[in-house]
Amino acid sequence: MSKKKIAIFGSTGSIGIQALEVIAAHPDKFTVEVLTGGHNADLLIEQALQFRPNAVVIADEAQYEKVKEVLFDKGIKVFAGAKAMVEVAAWNTIDMMLAAVMGFAGLAPTLAAIEQGTPIALANKETLVVAGDIVMATANRKNVPVIPVDSEHSAIFQCLMGESLSKVDKVILTASGGPFLGKKPNFLINVKKDHALQHPNWRMGAKITIDCATLMNKGLEMIEARWLFNLPPEKIEVVIHPQSIIHSMVEFVDGSLKAQLGQPDMKLPIQLALGFPERLPNDFPKFSFRNNPTLTFEQPDTKTFRNLAIAIEAMHKGGNAACVMNAANEEVVHAFLKNRIGFLQMTEVIEEVMAKIPFIEKPTLHDYYESDQAAREHANVMINAILI
C-alpha cells in the first residue's frame, strides 16, 4: 500500500510535534505532505528539513522571507498568511489533515479540507465549539470522516465502535481536575501563570493547559462531543478522574459501561487517528494496574470553576453562544499568560462578554465570524480596563 500523505496544520504546537514523532516512528506508513506553523519559523524550518514536505505555510507573513530563504532551494514550496493556509488545505494531494491549529484560526482551513473531501484528524476542538453544526453538516454532505484526536473523544470513538448510537444513554468525559483540584476562590485569586501551567498529567501547549486549570477545556470538550457524536446536550456529562487513566466512558441503555484506558500520552490518540482503521504497534509506555492500584472519581466543582458551568449553559443554549464564549476565552487566556489579568478575572470577562453580544439562534458561517470578532473586541475593552 502507498504511504498516507499527512498535512499537519499546526506542526509547531504540542500536538503537531508529537504527531511528527508518530510519523517518524512509522516511515513505512506515513509521509508528510504539508506543514504549517504560526510564529515559530525556526522550528518550522527544522521540521521541514527533516521531513521534506511538498509545502510549508507560515501564518506570520513577516517571517515568510526567512523561511523561504532556507527551504526554497530544497524543493519545498513556501507560503505565508491565513489565506494561504486555507488554499493549501484544499489541495487534492493530501490524504489526511491533522487539524491542530490552535483556536478559532483552525476553522477556515479545516472547512476547506472537508470541502475538498480530505479526511480530518481533529485536534482543534474550537472548530466544533464555534461552528459544529456547519462543520459536521459539511462533513456529512461530503462523506468525509472526522476522527477525533482529543484523548477523551478518541476514547468515546473507540467505545462506540460496533455500537448503535441509538443505544447510548450518555457519554462521560473524564477530567483530571487540573493543578487546582480542590482549591477554592480564596486560593485561586492569587494564582499566577507559572502555577497554572503545571498540569499534573499531560504535556500540552500553554493555552490548553490554562483551559484545563479553569475547567474551560472540559466545557469545550462537552460541546465538541455534542457535535462530533451527534448527541443531545443532556447525554453528555463530566466526572473528575485525577489519575487520567480512564480517558472517557460510554453508558448504554442497559446500564453497561465501556471505558477506554491507557497512559496519559497524546501520541496514542494521534497515532490511532492517523492510522485508522489500522491499529499500529508502538513503543509507548503501557498502562499497568499493578502500578496504579487506585482510580478515583468525583463531581466537578462548578461553583468554584464557573467556566465549566458557563460552557454547559452555552451548549444547551446553542446558536452562537459557544462561539462568543470561545472568542472571549481565547482573549482572556492570552491576557492571563501576559500577566494582564488575574485567574478569576478570566471568568468574569467571559460572563460579561456573553451577556453583551447579541444571541443568534440559527447563525450562518458569516454570523459566526462576526460574533467571534465582536466578542474579541468587547473582551479586549474589558481587559484593558482591568488593573491588577
# chains A, B, ... in the order shown; residues from 1 in each chain; ligands from 1
$ residues_around --residues "A:Glu361" --least-positions-apart "3" --cutoff "8 Å" --atoms "only C-alpha atoms" --output "number ranges by chain"
A: 318-320
$ residues_around --residues "A:Asp372" --least-positions-apart "6" --cutoff "7 Å" --atoms "only C-alpha atoms" --output "CSV table (one decimal) with N, CA and C atoms, in the first residue's frame"
chain,number,residue,atom,x,y,z
A,323,CYS,N,-19.7,30.1,20.4
A,323,CYS,CA,-18.8,30.9,19.6
A,323,CYS,C,-18.3,32.1,20.3
A,324,VAL,N,-19.2,32.8,20.9
A,324,VAL,CA,-18.9,34.0,21.7
A,324,VAL,C,-18.1,33.7,22.9
A,327,ALA,N,-14.5,32.8,21.8
A,327,ALA,CA,-13.7,34.0,21.5
A,327,ALA,C,-13.2,34.8,22.7
$ residues_around --residues "A:Asp283" --least-positions-apart "4" --cutoff "12 Å" --atoms "only C-alpha atoms" --output "ChimeraX atom specification"
/A:21-22,25-26,265,267-268,271
$ write_last_selection --atoms "N, CA and C atoms" --output "compact mmCIF listing (two decimals), in the first residue's frame"
# COMPACT_ATOMS: atom_id res chain seq x y z
N GLU A 21 6.53 12.89 15.73
CA GLU A 21 7.20 11.76 16.39
C GLU A 21 6.55 10.44 15.97
N VAL A 22 5.23 10.44 15.90
CA VAL A 22 4.50 9.25 15.46
C VAL A 22 4.86 8.91 14.01
N ALA A 25 8.23 7.41 13.58
CA ALA A 25 8.31 6.03 14.06
C ALA A 25 7.68 5.04 13.07
N HIS A 26 6.94 5.56 12.08
CA HIS A 26 6.28 4.69 11.10
C HIS A 26 6.55 5.20 9.68
N ASP A 265 -0.90 9.91 27.43
CA ASP A 265 0.10 10.20 26.40
C ASP A 265 -0.65 10.52 25.10
N LYS A 267 0.33 10.87 22.19
CA LYS A 267 0.76 10.18 20.97
C LYS A 267 -0.14 8.99 20.64
N LEU A 268 -0.77 8.41 21.65
CA LEU A 268 -1.65 7.26 21.39
C LEU A 268 -2.88 7.66 20.57
N GLN A 271 -1.75 8.67 17.01
CA GLN A 271 -1.43 7.53 16.16
C GLN A 271 -2.69 6.80 15.71
$ residues_around --residues "A:Asn384" --least-positions-apart "2" --cutoff "12 Å" --atoms "only C-alpha atoms" --output "PyMOL selection string"
chain A and resi 331-332+335+340-341+349+377-382+386-388
$ write_last_selection --atoms "all heavy atoms" --output "compact mmCIF listing (two decimals), in the first residue's frame"
# COMPACT_ATOMS: atom_id res chain seq x y z
N GLU A 331 -9.22 35.27 24.26
CA GLU A 331 -8.64 36.57 24.58
C GLU A 331 -8.20 36.65 26.05
O GLU A 331 -7.13 37.18 26.35
CB GLU A 331 -9.63 37.69 24.25
CG GLU A 331 -9.95 37.82 22.78
CD GLU A 331 -8.72 38.04 21.91
OE1 GLU A 331 -7.87 38.88 22.30
OE2 GLU A 331 -8.60 37.38 20.87
N VAL A 332 -9.02 36.14 26.96
CA VAL A 332 -8.64 36.24 28.37
C VAL A 332 -7.47 35.33 28.71
O VAL A 332 -6.63 35.68 29.55
CB VAL A 332 -9.84 35.97 29.32
CG1 VAL A 332 -10.93 37.01 29.13
CG2 VAL A 332 -10.39 34.56 29.19
N ALA A 335 -4.44 37.11 27.65
CA ALA A 335 -4.14 38.20 28.60
C ALA A 335 -3.56 37.66 29.90
O ALA A 335 -2.63 38.24 30.48
CB ALA A 335 -5.40 39.01 28.87
N ARG A 340 -1.73 40.15 32.41
CA ARG A 340 -2.53 41.37 32.33
C ARG A 340 -3.82 41.27 33.16
O ARG A 340 -4.39 42.31 33.52
CB ARG A 340 -2.87 41.68 30.88
CG ARG A 340 -1.65 42.01 30.02
CD ARG A 340 -2.04 42.24 28.58
NE ARG A 340 -2.98 43.35 28.47
CZ ARG A 340 -3.83 43.50 27.46
NH1 ARG A 340 -3.88 42.58 26.49
NH2 ARG A 340 -4.64 44.54 27.42
N ILE A 341 -4.31 40.06 33.41
CA ILE A 341 -5.48 39.89 34.25
C ILE A 341 -5.25 38.71 35.18
O ILE A 341 -4.37 37.87 34.95
CB ILE A 341 -6.78 39.67 33.44
CG1 ILE A 341 -6.71 38.39 32.60
CG2 ILE A 341 -7.07 40.87 32.54
CD1 ILE A 341 -8.03 38.06 31.92
N VAL A 349 -14.74 38.20 32.77
CA VAL A 349 -14.77 38.80 31.43
C VAL A 349 -15.64 37.95 30.49
O VAL A 349 -16.45 38.49 29.73
CB VAL A 349 -13.35 38.97 30.87
CG1 VAL A 349 -13.41 39.41 29.40
CG2 VAL A 349 -12.56 39.98 31.69
N GLU A 377 -13.45 41.90 20.49
CA GLU A 377 -13.33 43.35 20.71
C GLU A 377 -13.84 43.74 22.09
O GLU A 377 -13.19 44.52 22.80
CB GLU A 377 -14.09 44.10 19.61
CG GLU A 377 -13.45 43.99 18.24
CD GLU A 377 -14.29 44.60 17.14
OE1 GLU A 377 -15.41 45.09 17.45
OE2 GLU A 377 -13.84 44.60 15.97
N HIS A 378 -14.99 43.20 22.47
CA HIS A 378 -15.55 43.54 23.77
C HIS A 378 -14.67 43.00 24.90
O HIS A 378 -14.46 43.68 25.92
CB HIS A 378 -16.97 43.00 23.91
CG HIS A 378 -17.70 43.53 25.11
ND1 HIS A 378 -18.13 44.83 25.20
CD2 HIS A 378 -18.03 42.94 26.28
CE1 HIS A 378 -18.72 45.03 26.37
NE2 HIS A 378 -18.67 43.88 27.04
N ALA A 379 -14.14 41.80 24.72
CA ALA A 379 -13.27 41.22 25.74
C ALA A 379 -12.03 42.08 25.94
O ALA A 379 -11.61 42.32 27.09
CB ALA A 379 -12.87 39.80 25.34
N ASN A 380 -11.47 42.57 24.87
CA ASN A 380 -10.25 43.38 24.99
C ASN A 380 -10.52 44.76 25.60
O ASN A 380 -9.66 45.29 26.31
CB ASN A 380 -9.56 43.51 23.63
CG ASN A 380 -8.74 42.27 23.31
OD1 ASN A 380 -7.78 41.96 24.02
ND2 ASN A 380 -9.10 41.58 22.26
N VAL A 381 -11.70 45.31 25.37
CA VAL A 381 -12.08 46.55 26.06
C VAL A 381 -12.09 46.32 27.58
O VAL A 381 -11.57 47.13 28.35
CB VAL A 381 -13.45 47.05 25.57
CG1 VAL A 381 -13.98 48.16 26.48
CG2 VAL A 381 -13.36 47.54 24.13
N MET A 382 -12.67 45.20 27.98
CA MET A 382 -12.73 44.89 29.40
C MET A 382 -11.35 44.59 29.98
O MET A 382 -11.01 45.04 31.08
CB MET A 382 -13.65 43.68 29.63
CG MET A 382 -15.11 43.93 29.34
SD MET A 382 -16.10 42.55 29.90
CE MET A 382 -15.82 42.62 31.67
N ILE A 386 -8.96 46.58 33.14
CA ILE A 386 -8.62 45.89 34.39
C ILE A 386 -7.21 46.25 34.83
O ILE A 386 -6.27 46.25 34.04
CB ILE A 386 -8.73 44.35 34.21
CG1 ILE A 386 -10.20 43.95 34.02
CG2 ILE A 386 -8.13 43.61 35.40
CD1 ILE A 386 -10.38 42.49 33.68
N LEU A 387 -7.08 46.55 36.10
CA LEU A 387 -5.76 46.80 36.69
C LEU A 387 -5.50 45.75 37.75
O LEU A 387 -6.31 45.55 38.65
CB LEU A 387 -5.71 48.20 37.32
CG LEU A 387 -5.90 49.38 36.36
CD1 LEU A 387 -5.93 50.69 37.16
CD2 LEU A 387 -4.76 49.44 35.34
N ILE A 388 -4.39 45.03 37.62
CA ILE A 388 -4.06 44.02 38.65
C ILE A 388 -2.70 44.33 39.24
O ILE A 388 -1.91 45.07 38.72
CB ILE A 388 -4.07 42.60 38.05
CG1 ILE A 388 -3.01 42.44 36.95
CG2 ILE A 388 -5.42 42.23 37.50
CD1 ILE A 388 -2.81 41.00 36.54
$ closest_residue --among "A:Ala48, A:Met354, A:Val34, A:Val239" --to "A:Glu152" --atoms "only C-alpha atoms"
A:Val239
$ closest_residue --among "A:Gly103, A:Val250, A:Leu188, A:Gln260" --to "A:Asn329" --atoms "only C-alpha atoms"
A:Gly103
$ closest_residue --among "A:Ala24, A:Phe157, A:Val333, A:Asn339" --to "A:Gln47" --atoms "only C-alpha atoms"
A:Ala24
$ closest_residue --among "A:Ile17, A:Ala321, A:Ala206, A:Ala155" --to "A:Phe336" --atoms "only C-alpha atoms"
A:Ala206
$ residues_around --residues "A:Leu49" --least-positions-apart "5" --cutoff "12 Å" --atoms "only C-alpha atoms" --output "NGL selection string"
:A and (32 or 35 or 42-44 or 54-56 or 67 or 70-76)
$ write_last_selection --atoms "C-alpha atoms" --output "PDB file, in the first residue's frame"
ATOM      1  CA  VAL A  32       4.482  14.472   5.272  1.00  0.00           C
ATOM      2  CA  LEU A  35       3.495  21.509   7.426  1.00  0.00           C
ATOM      3  CA  ASP A  42      12.901  28.253  13.318  1.00  0.00           C
ATOM      4  CA  LEU A  43      11.064  25.101  14.389  1.00  0.00           C
ATOM      5  CA  LEU A  44       9.037  25.002  11.170  1.00  0.00           C
ATOM      6  CA  ASN A  54       5.832  19.295  -0.524  1.00  0.00           C
ATOM      7  CA  ALA A  55       4.980  22.648   1.060  1.00  0.00           C
ATOM      8  CA  VAL A  56       5.095  24.673   4.256  1.00  0.00           C
ATOM      9  CA  VAL A  67      11.517  30.528   5.826  1.00  0.00           C
ATOM     10  CA  VAL A  70      16.241  28.293   3.785  1.00  0.00           C
ATOM     11  CA  LEU A  71      13.692  25.997   2.143  1.00  0.00           C
ATOM     12  CA  PHE A  72      13.124  27.262  -1.384  1.00  0.00           C
ATOM     13  CA  ASP A  73      16.254  25.708  -2.902  1.00  0.00           C
ATOM     14  CA  LYS A  74      15.388  22.416  -1.158  1.00  0.00           C
ATOM     15  CA  GLY A  75      12.426  21.982  -3.482  1.00  0.00           C
ATOM     16  CA  ILE A  76       9.883  22.836  -0.761  1.00  0.00           C
TER      17      ILE A  76
END
$ residues_around --residues "A:Ser14" --least-positions-apart "6" --cutoff "10 Å" --atoms "only C-alpha atoms" --output "list in words"
Ala100, Arg203, Met204, Gly205, Ala206 and Met266 of chain A
$ decode --residues "stretch 127-144 of chain A" --atoms "N, CA and C atoms" --output "PDB file, in the first residue's frame"
ATOM      1  N   THR A 127     -12.898  24.312  16.492  1.00  0.00           N
ATOM      2  CA  THR A 127     -13.599  24.244  15.208  1.00  0.00           C
ATOM      3  C   THR A 127     -15.042  23.787  15.396  1.00  0.00           C
ATOM      4  N   LEU A 128     -15.248  22.790  16.253  1.00  0.00           N
ATOM      5  CA  LEU A 128     -16.609  22.310  16.509  1.00  0.00           C
ATOM      6  C   LEU A 128     -17.322  23.148  17.564  1.00  0.00           C
ATOM      7  N   VAL A 129     -16.585  23.705  18.497  1.00  0.00           N
ATOM      8  CA  VAL A 129     -17.204  24.575  19.505  1.00  0.00           C
ATOM      9  C   VAL A 129     -17.823  25.795  18.829  1.00  0.00           C
ATOM     10  N   VAL A 130     -17.103  26.362  17.880  1.00  0.00           N
ATOM     11  CA  VAL A 130     -17.543  27.594  17.225  1.00  0.00           C
ATOM     12  C   VAL A 130     -18.664  27.335  16.222  1.00  0.00           C
ATOM     13  N   ALA A 131     -18.480  26.337  15.375  1.00  0.00           N
ATOM     14  CA  ALA A 131     -19.428  26.133  14.261  1.00  0.00           C
ATOM     15  C   ALA A 131     -19.638  24.654  13.999  1.00  0.00           C
ATOM     16  N   GLY A 132     -19.867  23.900  15.054  1.00  0.00           N
ATOM     17  CA  GLY A 132     -20.005  22.454  14.929  1.00  0.00           C
ATOM     18  C   GLY A 132     -21.128  22.028  14.015  1.00  0.00           C
ATOM     19  N   ASP A 133     -22.233  22.774  14.019  1.00  0.00           N
ATOM     20  CA  ASP A 133     -23.365  22.408  13.170  1.00  0.00           C
ATOM     21  C   ASP A 133     -22.984  22.468  11.695  1.00  0.00           C
ATOM     22  N   ILE A 134     -22.308  23.543  11.305  1.00  0.00           N
ATOM     23  CA  ILE A 134     -21.917  23.720   9.911  1.00  0.00           C
ATOM     24  C   ILE A 134     -20.806  22.746   9.521  1.00  0.00           C
ATOM     25  N   VAL A 135     -19.820  22.587  10.387  1.00  0.00           N
ATOM     26  CA  VAL A 135     -18.683  21.708  10.082  1.00  0.00           C
ATOM     27  C   VAL A 135     -19.141  20.267   9.888  1.00  0.00           C
ATOM     28  N   MET A 136     -19.949  19.759  10.816  1.00  0.00           N
ATOM     29  CA  MET A 136     -20.368  18.358  10.714  1.00  0.00           C
ATOM     30  C   MET A 136     -21.382  18.144   9.589  1.00  0.00           C
ATOM     31  N   ALA A 137     -22.221  19.147   9.323  1.00  0.00           N
ATOM     32  CA  ALA A 137     -23.150  19.035   8.189  1.00  0.00           C
ATOM     33  C   ALA A 137     -22.374  18.968   6.878  1.00  0.00           C
ATOM     34  N   THR A 138     -21.298  19.764   6.795  1.00  0.00           N
ATOM     35  CA  THR A 138     -20.449  19.742   5.599  1.00  0.00           C
ATOM     36  C   THR A 138     -19.745  18.393   5.464  1.00  0.00           C
ATOM     37  N   ALA A 139     -19.221  17.885   6.581  1.00  0.00           N
ATOM     38  CA  ALA A 139     -18.546  16.581   6.562  1.00  0.00           C
ATOM     39  C   ALA A 139     -19.502  15.471   6.140  1.00  0.00           C
ATOM     40  N   ASN A 140     -20.733  15.530   6.617  1.00  0.00           N
ATOM     41  CA  ASN A 140     -21.735  14.521   6.241  1.00  0.00           C
ATOM     42  C   ASN A 140     -22.101  14.635   4.759  1.00  0.00           C
ATOM     43  N   ARG A 141     -22.240  15.864   4.293  1.00  0.00           N
ATOM     44  CA  ARG A 141     -22.590  16.083   2.887  1.00  0.00           C
ATOM     45  C   ARG A 141     -21.495  15.581   1.948  1.00  0.00           C
ATOM     46  N   LYS A 142     -20.240  15.788   2.365  1.00  0.00           N
ATOM     47  CA  LYS A 142     -19.098  15.376   1.542  1.00  0.00           C
ATOM     48  C   LYS A 142     -18.636  13.959   1.848  1.00  0.00           C
ATOM     49  N   ASN A 143     -19.312  13.317   2.820  1.00  0.00           N
ATOM     50  CA  ASN A 143     -18.951  11.961   3.238  1.00  0.00           C
ATOM     51  C   ASN A 143     -17.484  11.879   3.685  1.00  0.00           C
ATOM     52  N   VAL A 144     -17.088  12.862   4.487  1.00  0.00           N
ATOM     53  CA  VAL A 144     -15.708  12.966   4.975  1.00  0.00           C
ATOM     54  C   VAL A 144     -15.636  12.519   6.438  1.00  0.00           C
TER      55      VAL A 144
END
